[in-house]
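Only one structure is covered here, and it is reproduced in the block below.
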Amino acid sequence: MTPPTWIKGAAEALLLYLQENLVSLLSPCFYSVEFPLKTLRRKSSTEVGAFSKWCEVLMNVSTTMANLKEEEEFFDAAGAFTEPDCNPEGGSTVSLQSNNVSPPVAIHWVGTNIVSFGLAPIVSPVRYKFLINYTSDTHSGSMETRDCSTVEIVGLKPGTEYSFSITRIAETEEIATLSVVTDPVPPMAIQVSEVSNESLSLQWDKPSGEVESFIVTCCSDGERVQELKTETNSVTFNSLRPGVSYSLHVSTQLRNGTISKPAVTSAKTMTDLEFQLEDLGLKKYKREKISLSKILEIDEKTITDQPVKCKSEIPWYFLKKQMMVNVTARNVKLTSGCDLVCKDAVGTAKLDLRNLLNIPDTDDTLNPLDLITALFLCSDGFVQQELALKLSMCQFSVPLLLPNCDTQQCTLMLWAMRDIVKRYRPPALSESKGFIEERIVNSELPMISFVRLGECSLSKSEILNKLLSNSQQYHDTFVHRDMESGDVQRRISNGLTEMTWYLPCGNKNMDIFSEPVAIANLRGDIASFETQFSFLCQTSAAVFVFFESEHSGLEFLTQQNCKAQIFLVGNVRSKTFSLDALEEVATKLCLTNNNIILKTKSMNDADFVKCLRKTVNDVVHSQHIKISVENMVSVAHELGVLVEEDAPDCQAGKINADAITAEIENIPQYKEEHLPLQGQIWRELTCLEKEEFRLQKVGSQNIEHYRSNLHEQKTELRKRQNSYAMSPAMRCFINAISTKGMERCYFLKWMQMNLDNLSRIKLSGLRELYKEKSKDSGNKEEIKEIDQQLSSSSLGVEHFFREMGQIYEASLYLPETDPSRQQLQHLPKLGAQLLLDGFPLELVDGDASNIPLRWVSDVLSQLNDLVSPKNKIRVITVLGVQSTGKSTLLNTMFGVQFAVSSGRCTRGAFMLLIKVNEDFKKVLNCDFMMIIDTEGLKSPELAQLDNSHEHDNELATLVVGLSDITIINIAMENSTEMKDILQIVVHAFLRMKEVGKKPQCQFVHQNVSDVSAHEKNLRDRKLLLEQLNEMTQAAAKMEKKEEYKSFTDVMEYNPDTGNCYIPGLWNGNPPMAPVNAGYSEAVYELKKNIIQQLGKYESTSNNILEFREWITSLWNAVKHENFIFSFRNSLVADAYMRLCTEYNKWEWEFKKEMYKWVTTAETRISNFGTAAATSEVSDMNEFIIVLKSEATTELTKWETKLLENLKNYFEQSEGHVYLVEAYREDFANSTKSLRREIENSVVNQVIAAVDIRRGMAELDKIKENHTKKLENQVHQLIEKCRRKSIQMTEEELDDEFAKIWSETENELSFSKLSVKDISSSVLHHLATNLSMKGGYARELLNAKKLQDCGREPFKYNPEAFMDRARHKVKKFLFRKDYLLEIQKLADNIIDACTQFVTDKIEKKN
Ligand SMILES: Nc1nc2c(ncn2[C@@H]2O[C@H](COP(=O)(O)OP(=O)(O)O)[C@@H](O)[C@H]2O)c(=O)[nH]1
Ligand SMILES: [Mg+2]
């Protein structure tokens, strides 16, 4: 039976309506209507007519409704209501139920919480109302309405089936029931919870309702990729492609099968690189980049050895180890993973081979190459450089071309390699024992590249390692399959091209290649890395292609326009080896047998490597393609390979640096012209400054005058400094370091490298010469000359900073308003910023041996301002003879960059700041660690030649005094030198009042392998302590401070923890030797120890400002102290003191005898001519000659006696007289000058006595004559008055007499006695006497004018001597007696002196 057309029409209309509403509501419509079909069927035609009318009104589909016919049957209406079932998605259903007696109901639309329907209108005079009840399992309600056309039930629950019963209330009651399921809600709050490179995880909130499951679809580019059904509210899609955007649709499915509209979100899988970085916790560094300060920061992990538990710890663990040049750094395996699995599998007690075989792969591993690639990609240029340097020190390969698998581009790592400097000895220099020292990127070397085409059974890298290792020692230069984690699949490092160098040592029997060679190794299949391969073809002398089987990429190989010689390498033993394929390629490439190397069946690895070596050697000798890495840039640009040096900051820095260094031709001349302030003037200034304190050359001058004279000279020198206009070079330099951010860092690095390159050539020659000459200390002058040249030919960034400091210091002598002074006010701030950036700043200028105190203090003040209130520092210093690996030690320990011997030759001390991590500050009790590196302490033989003991001792005392911990570096062969220096330091401390803190000592014995010599070391330690104690006692005795009995009274030293034995740096024979793992480990132990010590010892106080004050006062003390510093060690000083004491005795005897003689001579002179005189001569002049000759005889007698004494003294065997042999000449000379001095004085005294004698005679004459004269005149006056009969008054008489007196007196001429400056000469004597006393004595002497002393009674004031804390208690206990005793002593001395002076005066009178 065909349904009546009107029904169809109505149904269509209804459907249309429903669809429209659904669309407009945007909510999926799953609904079911329970509907009383039977009732409908029984309806009268009027009702049907009314119903259709209602439909008409309702749906406004009049045209469809127009041809409705009354008689047509209604039962087919069921069809009309079932039609919506055709929802294409299968979503909505309407079911009609026939078991209900009710009026007809039409569903208008259904929402998630609303149902709207209409009821059939009834044409009747009776009014009706409708009661609608609705129920579901969990919810029910009812409502009343009169309007039957639209009934809206709101507040329903989504996704829930409701039954409606509708009751018409009038005379008759009819109930219509209806069941509707509200639409399910799509899931809410969809979140992509996890993303990796191949998976996406989703999570959502479960919607309310009778949800059975969720359907999740993953589409990409409009295509469905995967569909999953889940009952939980999360799902993970795996096996997706990396770096692709996916749209994700999640729909709710109800128990009855209805499905909600999907909720949609989208997500992108990570790229391989992103994933790797995320995995390693490095994602944020992709942009931000890891900086050196981040790596160097000291934190808890610095000294803890916890195993790596999660992947994100791996990079930092690697960095920590690699920065300490630990050769095991590349072994990065999580501890949890494999170990446990292995244990599980192996540990079972019974035999179960299957279990053994099935050790599953752990996901936790990481290919070291991926790690290295990731770190290079995430680091800034300076970390890259440091990493490359440390990798190359370990003799590991360094990245040449760094791939970025996201952008598919690669970068030439030229900048990263710039810091690597290598030394080697090519055959040409093996005779002369010379060597070549070069920045490796500048070396023109033949490069041999190794690449792979397709799969290959040979491990290229392993073969290469064998190729480069000598027979005695295999070394993993390249990461290979059989290494720890080497077999883990590479994710991001394919396309990485690594480089390493083989450098000969000049010994034919040891060198694998006699000439230096660069080796490149491309990771991955060349077919996928065309750019890299082309690059290698353009730059290499030869390319070895590992190739075995058929490969589709052969065309590609033959297309390469290759400059390099190509060699094909294959393994015949491999299953996939195809001779035909090889032949095909060889033919295409026109190769001969010579260019094919096969690992034949009879060959083992060793034979094969030998064969390869031979080929490489042939290439190296025959090929002339040599290229430096620096020159590869043009090839890179041609091929579209990026060059990291092209970065704008780097280029800007380079331009600035080049502008300065391009001007330099002759270094000494350049320094004079462009850096004039630090040359001669600064050295003179230094001498003046020291002289101001030490007053060594004051002689008999008035000290005040002398001082003000010195001061004037200083001002004059400063004026001279100011007279120089700032040189263009300095102007450029200051401008360049005023730039912000990375540019400044790049500039300084470029400067440093350029300058190193410039001075290296000259210096390495000079240094060799110096070493050569210094073996034989005979040619002192030559050595001195070379030393001078070394110093004048070295030019580093520190010289520019030094000049900056001088410019600043000189500017302070300008008037405050002077514009050029004001322009320079910002310099200290610049210095402070550089310190914060981790640059070393010169503390002591070792060439002049002085501290630019104002400059350093102002920089430190600025630093304090920059970091306040986080301004606490702890200071660590290293001390040791030059070239004993101090800087290497510090660089290894802290990852810092102090200059290592190559290229430079500076002396002095450099300071550098390292940040302490926030969390670790409490432990260390500081915000920064200051590291001080000292340079240029000479070995004693050399020091003696140019008298640099003084400089070295001063430097050592200063830095030890400044530090919390002093690392005393002792290379086994020169331990005495260090002990000597240390002795002087201890001695100086004993003499100085300033040293309040007790510096801690940490002895580092280098080149000792700990295990083998433990027993011996124990003995050595004991011996060392004994020696240290002995020398402390010696020093204490000399200084009369015998309470200092042991070394530990002066320095903090624990023999158990205070010694560290470090094996040699190199494991094997440089230049191919990697760093010894033992070295790195030992240095690490030392670092831990030092940091722990710092944590343990509560330092008194240590902020930057206090440090600044401390430098000033300590330096003042050092400047005052000159006596002890001039000795090699305390024993020498002691021997010297003894000699001095003896000599003083002899001198005193000499003087006393001569004094006696003079006294007798004086008597004889005064008696000359009198009755008492027994002289045989009567003429005074003759008498003088006699006396003089007598004096000469006497003087010669005593002089000879003194020289005799000296000779005898040096002949005795006690008192270490041999130590002062060097001073013998000095003493002999001073004997002579003493004689001259006494001679002068004796002659003067004789003449004075004669003068007095003669004067007395004259006086007698004058008395006689003038009395007569006066008498005469008086007589004349009386006569005159008498003649003129004048009676003069008393006053007139007085006046007249005064006139006569002055007339008479005027006729006389006296030679006046010159006025003597007593205080000056007293001061002079005091200074001489105190010259051997501590600097503090001199300081006291300088502090007050002598004239101002003694005006008040002397009172002993104990405060000044109470500084030393450890005496406090003692002093407290004995205070009274002690005070009284001293006061008494002082009083006695003063009394004795007063008595002496009084006697003297009385005698003269
Ligand atoms: N053989 C050997 N050489 C070392 C050792 N430590 C450092 N060196 C090398 O000695 C040279 C001088 O080192 P450097 O740290 O500048 O010495 P410094 O003058 O004391 O700072 C460098 O070339 C180092 O590579 C070591 O333990 N053994
Ligand atoms: Mg050094």
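Labeling convention for the structure tokens: chains A, B, ... as they appear, residues from 1 per chain, ligands from 1 in order of appearance.
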Env. residues ligand 2 / 6 Å / only C-alpha atoms and all ligand atoms / as a ChimeraX atom specification:
/A:886-887,899-901,935
Could you pull out the residues sitting within 7 Å of ligand 1, using only C-alpha atoms and all ligand atoms, and write them as number ranges by chain?
A: 880-889, 899-902, 935-936, 1006-1007, 1063-1066
Keeping only N, CA and C atoms, write those residues as a short mmCIF file (atom, residue, chain, number, x, y, z; two decimals), in the first residue's frame.
```cif
data_model
loop_
_atom_site.label_atom_id
_atom_site.label_comp_id
_atom_site.auth_asym_id
_atom_site.auth_seq_id
_atom_site.Cartn_x
_atom_site.Cartn_y
_atom_site.Cartn_z
N GLY A 880 101.12 28.84 42.73
CA GLY A 880 102.10 27.84 42.33
C GLY A 880 103.05 28.40 41.29
N VAL A 881 104.11 27.67 41.08
CA VAL A 881 105.12 28.09 40.11
C VAL A 881 104.51 28.11 38.72
N GLN A 882 105.03 28.95 37.86
CA GLN A 882 104.41 29.09 36.54
C GLN A 882 104.49 27.82 35.72
N SER A 883 103.46 27.67 34.88
CA SER A 883 103.35 26.49 34.01
C SER A 883 103.33 25.17 34.76
N THR A 884 102.64 25.16 35.88
CA THR A 884 102.48 23.88 36.56
C THR A 884 101.02 23.46 36.53
N GLY A 885 100.27 24.06 35.60
CA GLY A 885 98.90 23.60 35.40
C GLY A 885 97.90 24.20 36.36
N LYS A 886 98.18 25.38 36.88
CA LYS A 886 97.21 26.01 37.78
C LYS A 886 95.93 26.40 37.04
N SER A 887 96.13 27.10 35.94
CA SER A 887 94.96 27.55 35.19
C SER A 887 94.19 26.36 34.65
N THR A 888 94.93 25.35 34.20
CA THR A 888 94.27 24.13 33.72
C THR A 888 93.41 23.54 34.83
N LEU A 889 93.97 23.54 36.02
CA LEU A 889 93.26 23.00 37.18
C LEU A 889 91.97 23.78 37.45
N ALA A 899 93.43 31.93 31.06
CA ALA A 899 94.33 31.66 29.95
C ALA A 899 95.28 30.53 30.31
N VAL A 900 95.33 29.56 29.44
CA VAL A 900 96.27 28.46 29.64
C VAL A 900 97.50 28.80 28.80
N SER A 901 98.63 28.46 29.34
CA SER A 901 99.94 28.98 28.92
C SER A 901 100.06 29.43 27.46
N SER A 902 99.40 28.71 26.56
CA SER A 902 99.63 29.01 25.16
C SER A 902 99.35 30.48 24.85
N GLU A 935 99.52 34.25 38.14
CA GLU A 935 100.34 33.88 37.00
C GLU A 935 101.75 34.36 37.20
N GLY A 936 102.66 33.54 36.74
CA GLY A 936 104.03 34.02 36.59
C GLY A 936 104.91 33.96 37.81
N GLN A 1006 100.44 17.62 41.96
CA GLN A 1006 100.13 17.19 40.60
C GLN A 1006 101.09 16.11 40.14
N ASN A 1007 100.63 15.40 39.12
CA ASN A 1007 101.44 14.32 38.54
C ASN A 1007 101.74 13.20 39.52
N PRO A 1063 96.68 12.88 39.32
CA PRO A 1063 97.56 12.27 38.32
C PRO A 1063 97.78 13.22 37.14
N GLY A 1064 98.67 12.86 36.29
CA GLY A 1064 99.00 13.70 35.13
C GLY A 1064 97.78 13.98 34.27
N LEU A 1065 97.84 15.10 33.58
CA LEU A 1065 96.70 15.55 32.79
C LEU A 1065 96.44 14.66 31.59
N TRP A 1066 97.49 14.23 30.94
CA TRP A 1066 97.29 13.51 29.69
C TRP A 1066 97.42 12.02 29.88
#
```
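Our summary of the geometry notes that CA of Pro121 (chain A) is positioned 9.0 Å from CA of Asp147 (chain A).
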Quick one: pick out all strand (DSSP E or B) residues within region 1003-1248 of chain A from a backbone DSSP run and write them as a VMD selection string.
chain A and resid 1003 to 1006 1052 1059 to 1062 1066 1075 1103
Please provide the set of residues having any atom within 12 Å of Lys740 (chain A), restricted to only C-alpha atoms, with same-chain residues fewer than 2 positions apart removed, written as a compact mmCIF listing (two decimals) with C-alpha atoms, in the first residue's frame.
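Generated output (part-v4.txt):
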```txt
# COMPACT_ATOMS: atom_id res chain seq x y z
CA ASP A 649 76.21 39.92 17.12
CA ALA A 652 79.60 43.12 14.90
CA GLY A 653 82.00 41.91 17.57
CA ASN A 735 83.05 51.69 22.86
CA ALA A 736 82.99 48.03 22.01
CA ILE A 737 82.77 46.84 25.58
CA SER A 738 80.00 49.34 26.19
CA MET A 742 76.19 39.10 23.38
CA GLU A 743 77.95 41.56 21.13
CA ARG A 744 80.29 42.56 23.93
CA CYS A 745 81.07 38.95 24.72
CA TYR A 746 81.74 38.20 21.09
CA PHE A 747 83.93 41.26 20.82
CA LEU A 830 81.70 48.49 32.89
CA GLN A 833 79.45 44.21 34.57
CA LEU A 834 82.20 42.28 32.89
CA ASP A 837 79.49 38.24 32.98
```
Would you kindly return, as a ChimeraX atom specification, each protein, DNA or RNA residue with an atom no farther than 12 Å from any atom of Ala956 (chain A), considering only C-alpha atoms and excluding same-chain residues fewer than 2 positions away?
/A:844,846,849,877-881,908-909,932-938,949-954,958-963,966-968,978-989,1114-1115,1118,1125
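The environment of Pro1070 (chain A) within 10 Å, counting only C-alpha atoms and disregarding residues fewer than 3 places along the same chain, consists of A:Lys422, A:Arg423, A:Tyr424, A:Leu503, A:Pro504, A:Cys505, A:Trp1066, A:Asn1067, A:Ala1073, A:Pro1074, A:Val1075.
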Write a file of the selected residues as a compact mmCIF listing (two decimals), in the first residue's frame, keeping all heavy atoms.
```txt
# COMPACT_ATOMS: atom_id res chain seq x y z
N LYS A 422 95.94 23.71 18.89
CA LYS A 422 96.66 22.43 18.97
C LYS A 422 98.13 22.64 18.69
O LYS A 422 98.53 23.54 17.95
CB LYS A 422 96.09 21.47 17.92
CG LYS A 422 94.64 21.09 18.16
CD LYS A 422 94.55 19.76 18.86
CE LYS A 422 93.09 19.34 19.01
NZ LYS A 422 92.93 18.20 19.89
N ARG A 423 98.91 21.78 19.30
CA ARG A 423 100.34 21.79 19.05
C ARG A 423 100.72 20.47 18.43
O ARG A 423 100.22 19.43 18.87
CB ARG A 423 101.11 21.88 20.36
CG ARG A 423 101.00 23.15 21.08
CD ARG A 423 101.80 22.94 22.33
NE ARG A 423 101.68 24.09 23.22
CZ ARG A 423 102.60 24.37 24.12
NH1 ARG A 423 103.67 23.62 24.24
NH2 ARG A 423 102.45 25.40 24.90
N TYR A 424 101.61 20.50 17.49
CA TYR A 424 102.12 19.24 16.95
C TYR A 424 103.50 19.46 16.36
O TYR A 424 103.94 20.61 16.21
CB TYR A 424 101.15 18.67 15.91
CG TYR A 424 100.88 19.57 14.73
CD1 TYR A 424 101.65 19.48 13.57
CD2 TYR A 424 99.86 20.51 14.78
CE1 TYR A 424 101.40 20.31 12.49
CE2 TYR A 424 99.61 21.35 13.71
CZ TYR A 424 100.39 21.24 12.56
OH TYR A 424 100.14 22.07 11.50
N LEU A 503 97.25 14.49 14.74
CA LEU A 503 98.42 15.36 14.75
C LEU A 503 99.64 14.57 15.21
O LEU A 503 99.58 13.85 16.20
CB LEU A 503 98.17 16.53 15.70
CG LEU A 503 96.92 17.33 15.37
CD1 LEU A 503 96.58 18.31 16.47
CD2 LEU A 503 97.09 18.08 14.05
N PRO A 504 100.71 14.68 14.45
CA PRO A 504 101.89 13.88 14.79
C PRO A 504 102.69 14.49 15.94
O PRO A 504 102.61 15.69 16.19
CB PRO A 504 102.71 13.94 13.49
CG PRO A 504 102.32 15.23 12.86
CD PRO A 504 100.89 15.50 13.25
N CYS A 505 103.45 13.62 16.62
CA CYS A 505 104.29 14.13 17.71
C CYS A 505 105.74 14.22 17.27
O CYS A 505 106.60 14.63 18.03
CB CYS A 505 104.15 13.27 18.95
SG CYS A 505 104.77 11.60 18.71
N TRP A 1066 97.49 14.23 30.94
CA TRP A 1066 97.29 13.51 29.69
C TRP A 1066 97.42 12.02 29.88
O TRP A 1066 98.30 11.56 30.59
CB TRP A 1066 98.30 13.98 28.63
CG TRP A 1066 98.23 15.44 28.37
CD1 TRP A 1066 99.21 16.35 28.62
CD2 TRP A 1066 97.13 16.16 27.83
NE1 TRP A 1066 98.78 17.60 28.27
CE2 TRP A 1066 97.51 17.52 27.77
CE3 TRP A 1066 95.86 15.82 27.38
CZ2 TRP A 1066 96.68 18.52 27.30
CZ3 TRP A 1066 95.03 16.81 26.91
CH2 TRP A 1066 95.43 18.14 26.86
N ASN A 1067 96.56 11.32 29.21
CA ASN A 1067 96.64 9.87 29.22
C ASN A 1067 97.36 9.45 27.95
O ASN A 1067 96.74 9.17 26.94
CB ASN A 1067 95.22 9.30 29.28
CG ASN A 1067 95.22 7.81 29.28
OD1 ASN A 1067 96.23 7.19 29.58
ND2 ASN A 1067 94.08 7.23 28.94
N ALA A 1073 97.01 12.54 22.91
CA ALA A 1073 96.54 11.96 24.16
C ALA A 1073 95.27 12.63 24.64
O ALA A 1073 95.18 13.86 24.61
CB ALA A 1073 97.62 12.11 25.22
N PRO A 1074 94.29 11.85 25.06
CA PRO A 1074 93.12 12.46 25.68
C PRO A 1074 93.43 12.79 27.13
O PRO A 1074 94.43 12.32 27.67
CB PRO A 1074 92.07 11.35 25.60
CG PRO A 1074 92.86 10.09 25.57
CD PRO A 1074 94.17 10.41 24.93
N VAL A 1075 92.55 13.57 27.72
CA VAL A 1075 92.73 13.88 29.13
C VAL A 1075 92.53 12.60 29.94
O VAL A 1075 91.65 11.79 29.65
CB VAL A 1075 91.72 14.95 29.58
CG1 VAL A 1075 91.74 15.12 31.08
CG2 VAL A 1075 92.03 16.27 28.91
```
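The coordinates place CA of Ala659 (chain A) at 26.7 Å from CA of Ile681 (chain A).
Distances to Asn470 (chain A) were evaluated for A:Asn656, A:Gln1093, A:Asn1069, A:Asn1029 using only C-alpha atoms, and the minimum falls at A:Asn1069.
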Counting only C-alpha atoms, what is within 9 Å of region 207-217 of chain A, bar same-chain residues fewer than 4 positions away, as a PyMOL selection string?
chain A and resi 157-161+184-188+224-233+235+247-257+259+262
At a cut-off of 12 Å, using only C-alpha atoms, what residues contact region 791-796 of chain A? Leave out same-chain residues fewer than 3 positions from it and give the result as an NGL selection string.
:A and (661 or 664-672 or 674-675 or 678-680 or 748-767 or 770 or 784-788 or 799-803 or 842 or 846-848 or 899 or 901-908 or 936)
Using only C-alpha atoms, which of A:Phe513, A:Glu673, A:Asn850, A:Ile1104 sits nearest Leu863 (chain A)?
A:Ile1104
Please measure the separation of CA of Asn113 (chain A) and CA of Val181 (chain A), giving the value in Å to one decimal.
9.9 Å
Which of region 742-826 of chain A counts as helix (DSSP H, G or I) under DSSP, as an MDAnalysis selection string please?
chainID A and resid 742:774 780:793 797:811 819:823
